[in-house]
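Peer 1: Here you go, coords-v2.tsv (TSV, C-alpha atoms):
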```
chain	number	residue	atom	x	y	z
A	1	MET	CA	4.65	38.10	-89.13
A	2	SER	CA	2.64	37.28	-92.25
A	3	VAL	CA	1.20	34.21	-90.51
A	4	VAL	CA	-0.03	36.38	-87.64
A	5	LEU	CA	-1.67	38.88	-89.98
A	6	ILE	CA	-3.38	36.18	-92.03
A	7	PHE	CA	-4.67	34.34	-88.97
A	8	LEU	CA	-5.89	37.50	-87.26
A	9	ALA	CA	-7.59	38.64	-90.47
A	10	ALA	CA	-9.43	35.33	-90.66
A	11	ILE	CA	-10.53	35.59	-87.01
A	12	ALA	CA	-11.67	39.18	-87.53
A	13	ALA	CA	-13.65	38.23	-90.64
A	14	ILE	CA	-15.44	35.43	-88.80
A	15	MET	CA	-16.29	37.68	-85.86
A	16	ILE	CA	-17.57	40.49	-88.10
A	17	TRP	CA	-19.70	38.03	-90.06
A	18	TRP	CA	-21.17	36.61	-86.85
A	19	LEU	CA	-21.84	40.03	-85.32
A	20	ALA	CA	-23.55	41.16	-88.51
A	21	GLY	CA	-25.72	38.05	-88.44
A	22	GLN	CA	-26.72	38.79	-84.85
A	23	ARG	CA	-27.74	42.35	-85.80
A	24	LEU	CA	-25.29	43.97	-83.41
A	25	THR	CA	-24.69	46.60	-86.07
A	26	SER	CA	-28.25	47.88	-85.60
A	27	LYS	CA	-28.86	51.17	-83.76
A	28	PRO	CA	-30.41	50.28	-80.39
A	29	TRP	CA	-30.83	53.95	-79.50
A	30	LEU	CA	-33.37	54.20	-82.32
A	31	GLU	CA	-35.47	51.36	-80.92
A	32	THR	CA	-38.37	52.04	-78.59
A	33	GLY	CA	-38.24	50.41	-75.16
A	34	SER	CA	-37.61	46.69	-75.36
A	35	VAL	CA	-39.21	46.24	-78.78
A	36	GLN	CA	-37.14	43.94	-80.94
A	37	LEU	CA	-36.68	44.37	-84.64
A	38	PRO	CA	-38.21	41.63	-86.81
A	39	ASP	CA	-35.96	39.64	-89.11
A	40	HIS	CA	-36.60	39.03	-92.79
A	41	HIS	CA	-39.13	36.28	-91.94
A	42	GLY	CA	-41.17	38.70	-89.87
A	43	THR	CA	-40.39	37.14	-86.50
A	44	GLU	CA	-38.71	38.88	-83.60
A	45	ARG	CA	-35.11	38.01	-82.89
A	46	PRO	CA	-34.01	37.78	-79.25
A	47	PRO	CA	-31.11	39.94	-78.07
A	48	VAL	CA	-27.65	38.41	-78.22
A	49	PRO	CA	-26.61	37.12	-74.77
A	50	ALA	CA	-23.64	38.94	-73.32
A	51	VAL	CA	-21.95	35.64	-72.54
A	52	LYS	CA	-21.92	34.74	-76.25
A	53	ILE	CA	-20.31	38.06	-77.12
A	54	GLY	CA	-17.77	37.43	-74.38
A	55	LEU	CA	-17.02	34.00	-75.82
A	56	PHE	CA	-16.25	35.43	-79.23
A	57	VAL	CA	-13.99	38.07	-77.71
A	58	PHE	CA	-12.20	35.33	-75.77
A	59	LEU	CA	-11.82	33.21	-78.90
A	60	GLY	CA	-10.33	36.20	-80.68
A	61	VAL	CA	-7.71	36.50	-77.93
A	62	VAL	CA	-7.02	32.75	-78.05
A	63	GLY	CA	-6.69	32.93	-81.83
A	64	ALA	CA	-4.15	35.75	-81.52
A	65	LEU	CA	-2.21	33.72	-78.94
A	66	PHE	CA	-1.98	30.67	-81.17
A	67	SER	CA	-1.14	32.75	-84.24
A	68	LEU	CA	1.81	34.31	-82.38
A	69	ALA	CA	2.97	30.86	-81.26
A	70	VAL	CA	2.73	29.52	-84.81
A	71	SER	CA	4.64	32.52	-86.13
A	72	ALA	CA	7.37	31.87	-83.54
A	73	TYR	CA	7.40	28.23	-84.66
A	74	PHE	CA	8.18	29.18	-88.25
A	75	MET	CA	10.84	31.70	-87.26
A	76	ARG	CA	12.53	29.19	-84.95
A	77	ALA	CA	12.35	26.44	-87.58
A	78	ALA	CA	14.76	28.43	-89.75
A	79	SER	CA	17.56	27.93	-87.20
A	80	ALA	CA	20.39	25.50	-87.76
A	81	ASP	CA	19.73	23.53	-84.56
A	82	TRP	CA	16.20	22.62	-85.63
A	83	TRP	CA	15.36	19.14	-86.85
A	84	GLY	CA	11.93	17.68	-87.29
A	85	MET	CA	10.28	15.02	-85.20
A	86	PRO	CA	7.95	12.26	-86.39
A	87	VAL	CA	4.20	12.68	-86.12
A	88	PRO	CA	2.74	9.77	-84.12
A	89	ARG	CA	0.07	7.87	-86.02
A	90	LEU	CA	-2.09	8.20	-82.93
A	91	LEU	CA	-2.54	11.88	-83.79
A	92	TRP	CA	-4.64	10.83	-86.77
A	93	VAL	CA	-6.98	8.93	-84.46
A	94	ASN	CA	-7.09	11.88	-82.06
A	95	THR	CA	-7.95	14.24	-84.91
A	96	VAL	CA	-10.85	12.07	-86.00
A	97	ALA	CA	-12.08	11.88	-82.39
A	98	LEU	CA	-12.01	15.66	-81.99
A	99	ALA	CA	-13.81	16.15	-85.31
A	100	LEU	CA	-16.52	13.67	-84.28
A	101	SER	CA	-16.83	15.41	-80.91
A	102	SER	CA	-17.40	18.72	-82.67
A	103	ALA	CA	-19.98	17.08	-84.96
A	104	ALA	CA	-21.75	15.55	-81.95
A	105	LEU	CA	-22.03	18.96	-80.30
A	106	GLN	CA	-23.43	20.42	-83.51
A	107	TRP	CA	-25.98	17.62	-83.38
A	108	ALA	CA	-26.71	18.49	-79.75
A	109	LYS	CA	-27.17	22.14	-80.71
A	110	GLY	CA	-29.88	21.20	-83.19
A	111	GLU	CA	-31.63	18.92	-80.71
A	112	ALA	CA	-31.58	21.61	-78.03
A	113	ARG	CA	-33.06	24.12	-80.45
A	114	HIS	CA	-35.98	21.80	-81.17
A	115	GLY	CA	-36.41	20.76	-77.52
A	116	ARG	CA	-35.73	17.06	-78.07
A	117	MET	CA	-34.22	16.01	-74.75
A	118	GLU	CA	-34.19	12.30	-75.64
A	119	ALA	CA	-31.71	12.97	-78.46
A	120	LEU	CA	-29.91	15.84	-76.74
A	121	ARG	CA	-28.59	13.69	-73.89
A	122	PRO	CA	-26.77	11.08	-76.03
A	123	ALA	CA	-25.41	13.85	-78.26
A	124	LEU	CA	-23.86	15.62	-75.28
A	125	VAL	CA	-22.48	12.38	-73.83
A	126	THR	CA	-20.95	11.48	-77.21
A	127	GLY	CA	-19.33	14.89	-77.60
A	128	LEU	CA	-17.97	14.78	-74.06
A	129	ALA	CA	-16.64	11.23	-74.33
A	130	LEU	CA	-14.89	11.88	-77.64
A	131	ALA	CA	-13.26	15.05	-76.31
A	132	VAL	CA	-11.99	13.12	-73.29
A	133	PHE	CA	-10.72	10.42	-75.68
A	134	PHE	CA	-8.84	13.14	-77.58
A	135	LEU	CA	-7.08	14.36	-74.44
A	136	VAL	CA	-6.17	10.83	-73.35
A	137	GLY	CA	-4.87	10.16	-76.85
A	138	GLN	CA	-2.72	13.29	-76.74
A	139	ILE	CA	-1.16	12.17	-73.47
A	140	GLN	CA	-0.49	8.75	-74.96
A	141	ALA	CA	1.15	10.38	-77.99
A	142	TRP	CA	3.43	12.29	-75.61
A	143	ARG	CA	4.36	9.03	-73.90
A	144	GLU	CA	5.17	7.36	-77.21
A	145	LEU	CA	7.42	10.24	-78.25
A	146	THR	CA	9.29	10.43	-74.95
A	147	ALA	CA	9.75	6.65	-74.97
A	148	ALA	CA	11.29	6.99	-78.45
A	149	GLY	CA	13.75	9.62	-77.15
A	150	TYR	CA	11.99	12.78	-78.32
A	151	VAL	CA	12.14	14.60	-74.99
A	152	LEU	CA	11.23	18.20	-74.32
A	153	ALA	CA	14.70	19.77	-74.09
A	154	ASP	CA	16.39	17.67	-76.78
A	155	ASN	CA	15.42	19.82	-79.75
A	156	PRO	CA	13.53	23.11	-80.32
A	157	ALA	CA	11.03	21.26	-82.53
A	158	ASN	CA	10.24	18.96	-79.62
A	159	SER	CA	9.76	21.92	-77.29
A	160	PHE	CA	7.35	23.62	-79.67
A	161	PHE	CA	5.39	20.40	-80.19
A	162	TYR	CA	4.88	19.84	-76.47
A	163	MET	CA	4.18	23.51	-75.83
A	164	LEU	CA	1.59	23.90	-78.59
A	165	THR	CA	-0.18	20.61	-77.98
A	166	GLY	CA	-0.14	21.25	-74.23
A	167	LEU	CA	-1.60	24.74	-74.67
A	168	HIS	CA	-4.30	23.37	-76.94
A	169	GLY	CA	-5.02	20.56	-74.49
A	170	LEU	CA	-5.48	23.04	-71.64
A	171	HIS	CA	-8.06	24.94	-73.67
A	172	ILE	CA	-9.85	21.69	-74.48
A	173	LEU	CA	-9.83	20.84	-70.77
A	174	GLY	CA	-11.40	24.19	-69.93
A	175	GLY	CA	-14.16	23.60	-72.46
A	176	LEU	CA	-14.73	20.12	-71.04
A	177	ALA	CA	-15.51	21.59	-67.63
A	178	VAL	CA	-18.38	23.61	-69.11
A	179	LEU	CA	-19.54	20.74	-71.30
A	180	ALA	CA	-19.53	18.29	-68.38
A	181	HIS	CA	-21.64	20.70	-66.31
A	182	THR	CA	-24.10	21.06	-69.20
A	183	THR	CA	-24.28	17.29	-69.67
A	184	VAL	CA	-25.02	16.72	-66.00
A	185	LYS	CA	-27.76	19.35	-66.11
A	186	ALA	CA	-29.30	17.65	-69.16
A	187	PHE	CA	-29.92	14.53	-67.07
A	188	SER	CA	-31.74	16.45	-64.35
A	189	ALA	CA	-35.39	15.54	-64.09
A	190	ASP	CA	-36.74	19.08	-63.97
A	191	VAL	CA	-34.55	20.77	-66.59
A	192	ALA	CA	-36.19	22.35	-69.63
A	193	PRO	CA	-34.51	22.26	-73.07
A	194	GLU	CA	-34.60	26.05	-73.38
A	195	ARG	CA	-32.49	26.35	-70.23
A	196	LEU	CA	-29.75	24.30	-71.90
A	197	ARG	CA	-29.93	25.89	-75.32
A	198	LEU	CA	-27.43	28.66	-74.67
A	199	SER	CA	-24.84	26.51	-72.91
A	200	VAL	CA	-25.05	23.86	-75.64
A	201	ASP	CA	-24.67	26.56	-78.28
A	202	LEU	CA	-21.59	27.98	-76.54
A	203	SER	CA	-20.04	24.52	-76.15
A	204	ALA	CA	-20.56	23.82	-79.85
A	205	ILE	CA	-18.97	27.13	-80.90
A	206	TYR	CA	-16.01	26.54	-78.61
A	207	SER	CA	-15.58	22.99	-79.87
A	208	HIS	CA	-15.61	24.07	-83.52
A	209	PHE	CA	-12.97	26.71	-82.81
A	210	MET	CA	-10.71	24.29	-80.95
A	211	LEU	CA	-11.06	21.82	-83.82
A	212	ALA	CA	-10.00	24.51	-86.30
A	213	VAL	CA	-6.97	25.38	-84.15
A	214	TRP	CA	-6.00	21.72	-83.86
A	215	LEU	CA	-6.26	21.17	-87.63
A	216	LEU	CA	-3.90	24.11	-88.09
A	217	LEU	CA	-1.45	22.66	-85.55
A	218	PHE	CA	-1.69	19.18	-87.05
A	219	ALA	CA	-0.94	20.55	-90.51
A	220	LEU	CA	2.00	22.42	-88.97
A	221	PHE	CA	3.50	19.32	-87.33
A	222	ALA	CA	2.91	17.20	-90.44
A	223	GLY	CA	4.74	19.77	-92.60
A	224	TRP	CA	1.75	20.58	-94.80
A	225	ALA	CA	1.62	24.22	-93.71
A	226	ASN	CA	5.05	25.11	-95.09
A	227	ASP	CA	3.92	25.39	-98.71
A	228	PHE	CA	0.87	27.43	-97.68
A	229	VAL	CA	2.98	29.87	-95.69
A	230	ASP	CA	5.44	30.23	-98.58
A	231	LEU	CA	2.52	30.99	-100.88
A	232	CYS	CA	1.15	33.59	-98.46
A	233	ARG	CA	4.55	35.26	-98.13
A	234	THR	CA	4.83	35.39	-101.91
A	235	LEU	CA	1.39	36.97	-102.25
A	236	ILE	CA	2.09	39.56	-99.52
A	237	SER	CA	5.50	40.48	-100.90
```
Show how you would write the structure in this file as structure tokens.

Peer 2:
Amino acid sequence: MSVVLIFLAAIAAIMIWWLAGQRLTSKPWLETGSVQLPDHHGTERPPVPAVKIGLFVFLGVVGALFSLAVSAYFMRAASADWWGMPVPRLLWVNTVALALSSAALQWAKGEARHGRMEALRPALVTGLALAVFFLVGQIQAWRELTAAGYVLADNPANSFFYMLTGLHGLHILGGLAVLAHTTVKAFSADVAPERLRLSVDLSAIYSHFMLAVWLLLFALFAGWANDFVDLCRTLIS
């Protein structure tokens, strides 16, 4: 339960920080018409798109889902019929690929903001290709484990590994659908950079969140999270 509370507190802190930065805590009923309040540099800030707010709400739900699954992992790991499984070395390569994909989308976000289509297109293609590489690598890691005898129903640890990595992979796949659509639009002859700015921004945010979730899962499978959880339990108690 402590893992759930800590994870949800972190998600809530990030969302509150972001909402404060977007000035959603301002009082719109005190504003006149469609006049926008200037920021500290004296320039007007555009309203926050509803789709971005929806994305953060969705990520909060996804974060709660993964935190509950991780909490169940730790509770189940205390059982006598639990024994660990090896972490394929391929997961290290996959982790690097996902991190580079997230970095490429951050690069794309900056290029879209400045309207540089010549640099935006390769940034999007790089982010998309590396994310696809991550998914293919995850499937290959599954194949290596099953070939070594670590099948789904053989051990609760195996079941949790396949369940958590599969759930994460499905969320990556969903983000890839949006990213692929954005990448195709970027290669259209008549598209303007400002029309892609929001979708690139959303893809970057989603990618960063999925990377953070994967780093948590990777630390869990590698056994690094045990000491951190013990420390958190000690602090809470």

Peer 1: Using only C-alpha atoms, which of the listed residues (A:Val96, A:Val57, A:Val213, A:Leu202) sits closest to Val178 (chain A)?

Peer 2: A:Leu202

Peer 1: For Ser79 (chain A), work out the shell of residues within 12 Å, counting all atoms listed in the file and skipping chain neighbours fewer than 5 positions away, then give it as JSON, numbers by chain.

Peer 2: {"A": [72, 73, 74, 84, 155, 156, 157]}

Peer 1: Edge lengths and centre in Å to one decimal, as JSON, is what I'm after for the box along x, y and z that holds all listed atoms of region 91-97 of chain A once 5 Å is added on each side.

Peer 2:
```
{"center_x": -7.3, "center_y": 11.6, "center_z": -84.4, "size_x": 19.5, "size_y": 15.3, "size_z": 14.7}
```

Peer 1: Compare A:Ser159, A:Gln106, A:Gln138, A:Ser207 by their minimum atom-to-atom distance to Leu120 (chain A), counting only C-alpha atoms, and give me the closest one.

Peer 2: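 Closest to Leu120 (chain A) of all the choices is A:Gln106.
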
Peer 1: With distances taken over all atoms listed in the file, which of A:Leu65, A:Val132, A:Val200, A:Ala77 is nearest to Asn158 (chain A)?

Peer 2: A:Ala77

Peer 1: Mind checking which residues fall within 10 Å of Ala131 (chain A), counting all atoms listed in the file, ignoring those fewer than 3 positions away in the same chain, and posting them as a PyMOL selection string?

Peer 2: chain A and resi 94+97-102+125-128+134-137+172-173+175-176+179+207

Peer 1: Mind checking which residues fall within 9 Å of Ala222 (chain A), counting all atoms listed in the file, ignoring those fewer than 3 positions away in the same chain, and posting them as an MDAnalysis selection string?

Peer 2: chainID A and resid 86:87 217:219 225

Peer 1: Considering all atoms listed in the file, state which residue in the set A:Phe56, A:Phe160, A:Phe66, A:Phe187 is at the smallest distance from Ala119 (chain A).

Peer 2: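 Going through A:Phe56, A:Phe160, A:Phe66, A:Phe187 one by one, the smallest distance to Ala119 (chain A) is for A:Phe187.
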
Peer 1: If you measure from CA of Thr165 (chain A) to CA of Trp214 (chain A), what distance in Å do you get, rounded to one decimal?

Peer 2: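 Computing it gives 8.3 Å between the two atoms.
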
Peer 1: Env of Ser199 (chain A): 10 Å cut, atoms = all atoms listed in the file, seq-sep filter 6 positions within chain, self excluded. Answer as a PyMOL selection string.

Peer 2: chain A and resi 51-52+109+112+178-179+181-183+205

Peer 1: In terms of the shortest atom-to-atom distance over all atoms listed in the file, which of A:Ala103, A:Ala64, A:Met117, A:Leu59 is closest to Lys185 (chain A)?

Peer 2: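 Smallest separation from Lys185 (chain A) among the options: A:Met117.
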
Peer 1: Expressed in Å to a single decimal, how great is the separation between CA of Leu220 (chain A) and CA of Ser71 (chain A)?

Peer 2: 10.8 Å

Peer 1: CA of Ala153 (chain A) and CA of Trp83 (chain A) are how many Å apart?

Peer 2: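 Going from CA of Ala153 (chain A) over to CA of Trp83 (chain A), I get 12.8 Å.
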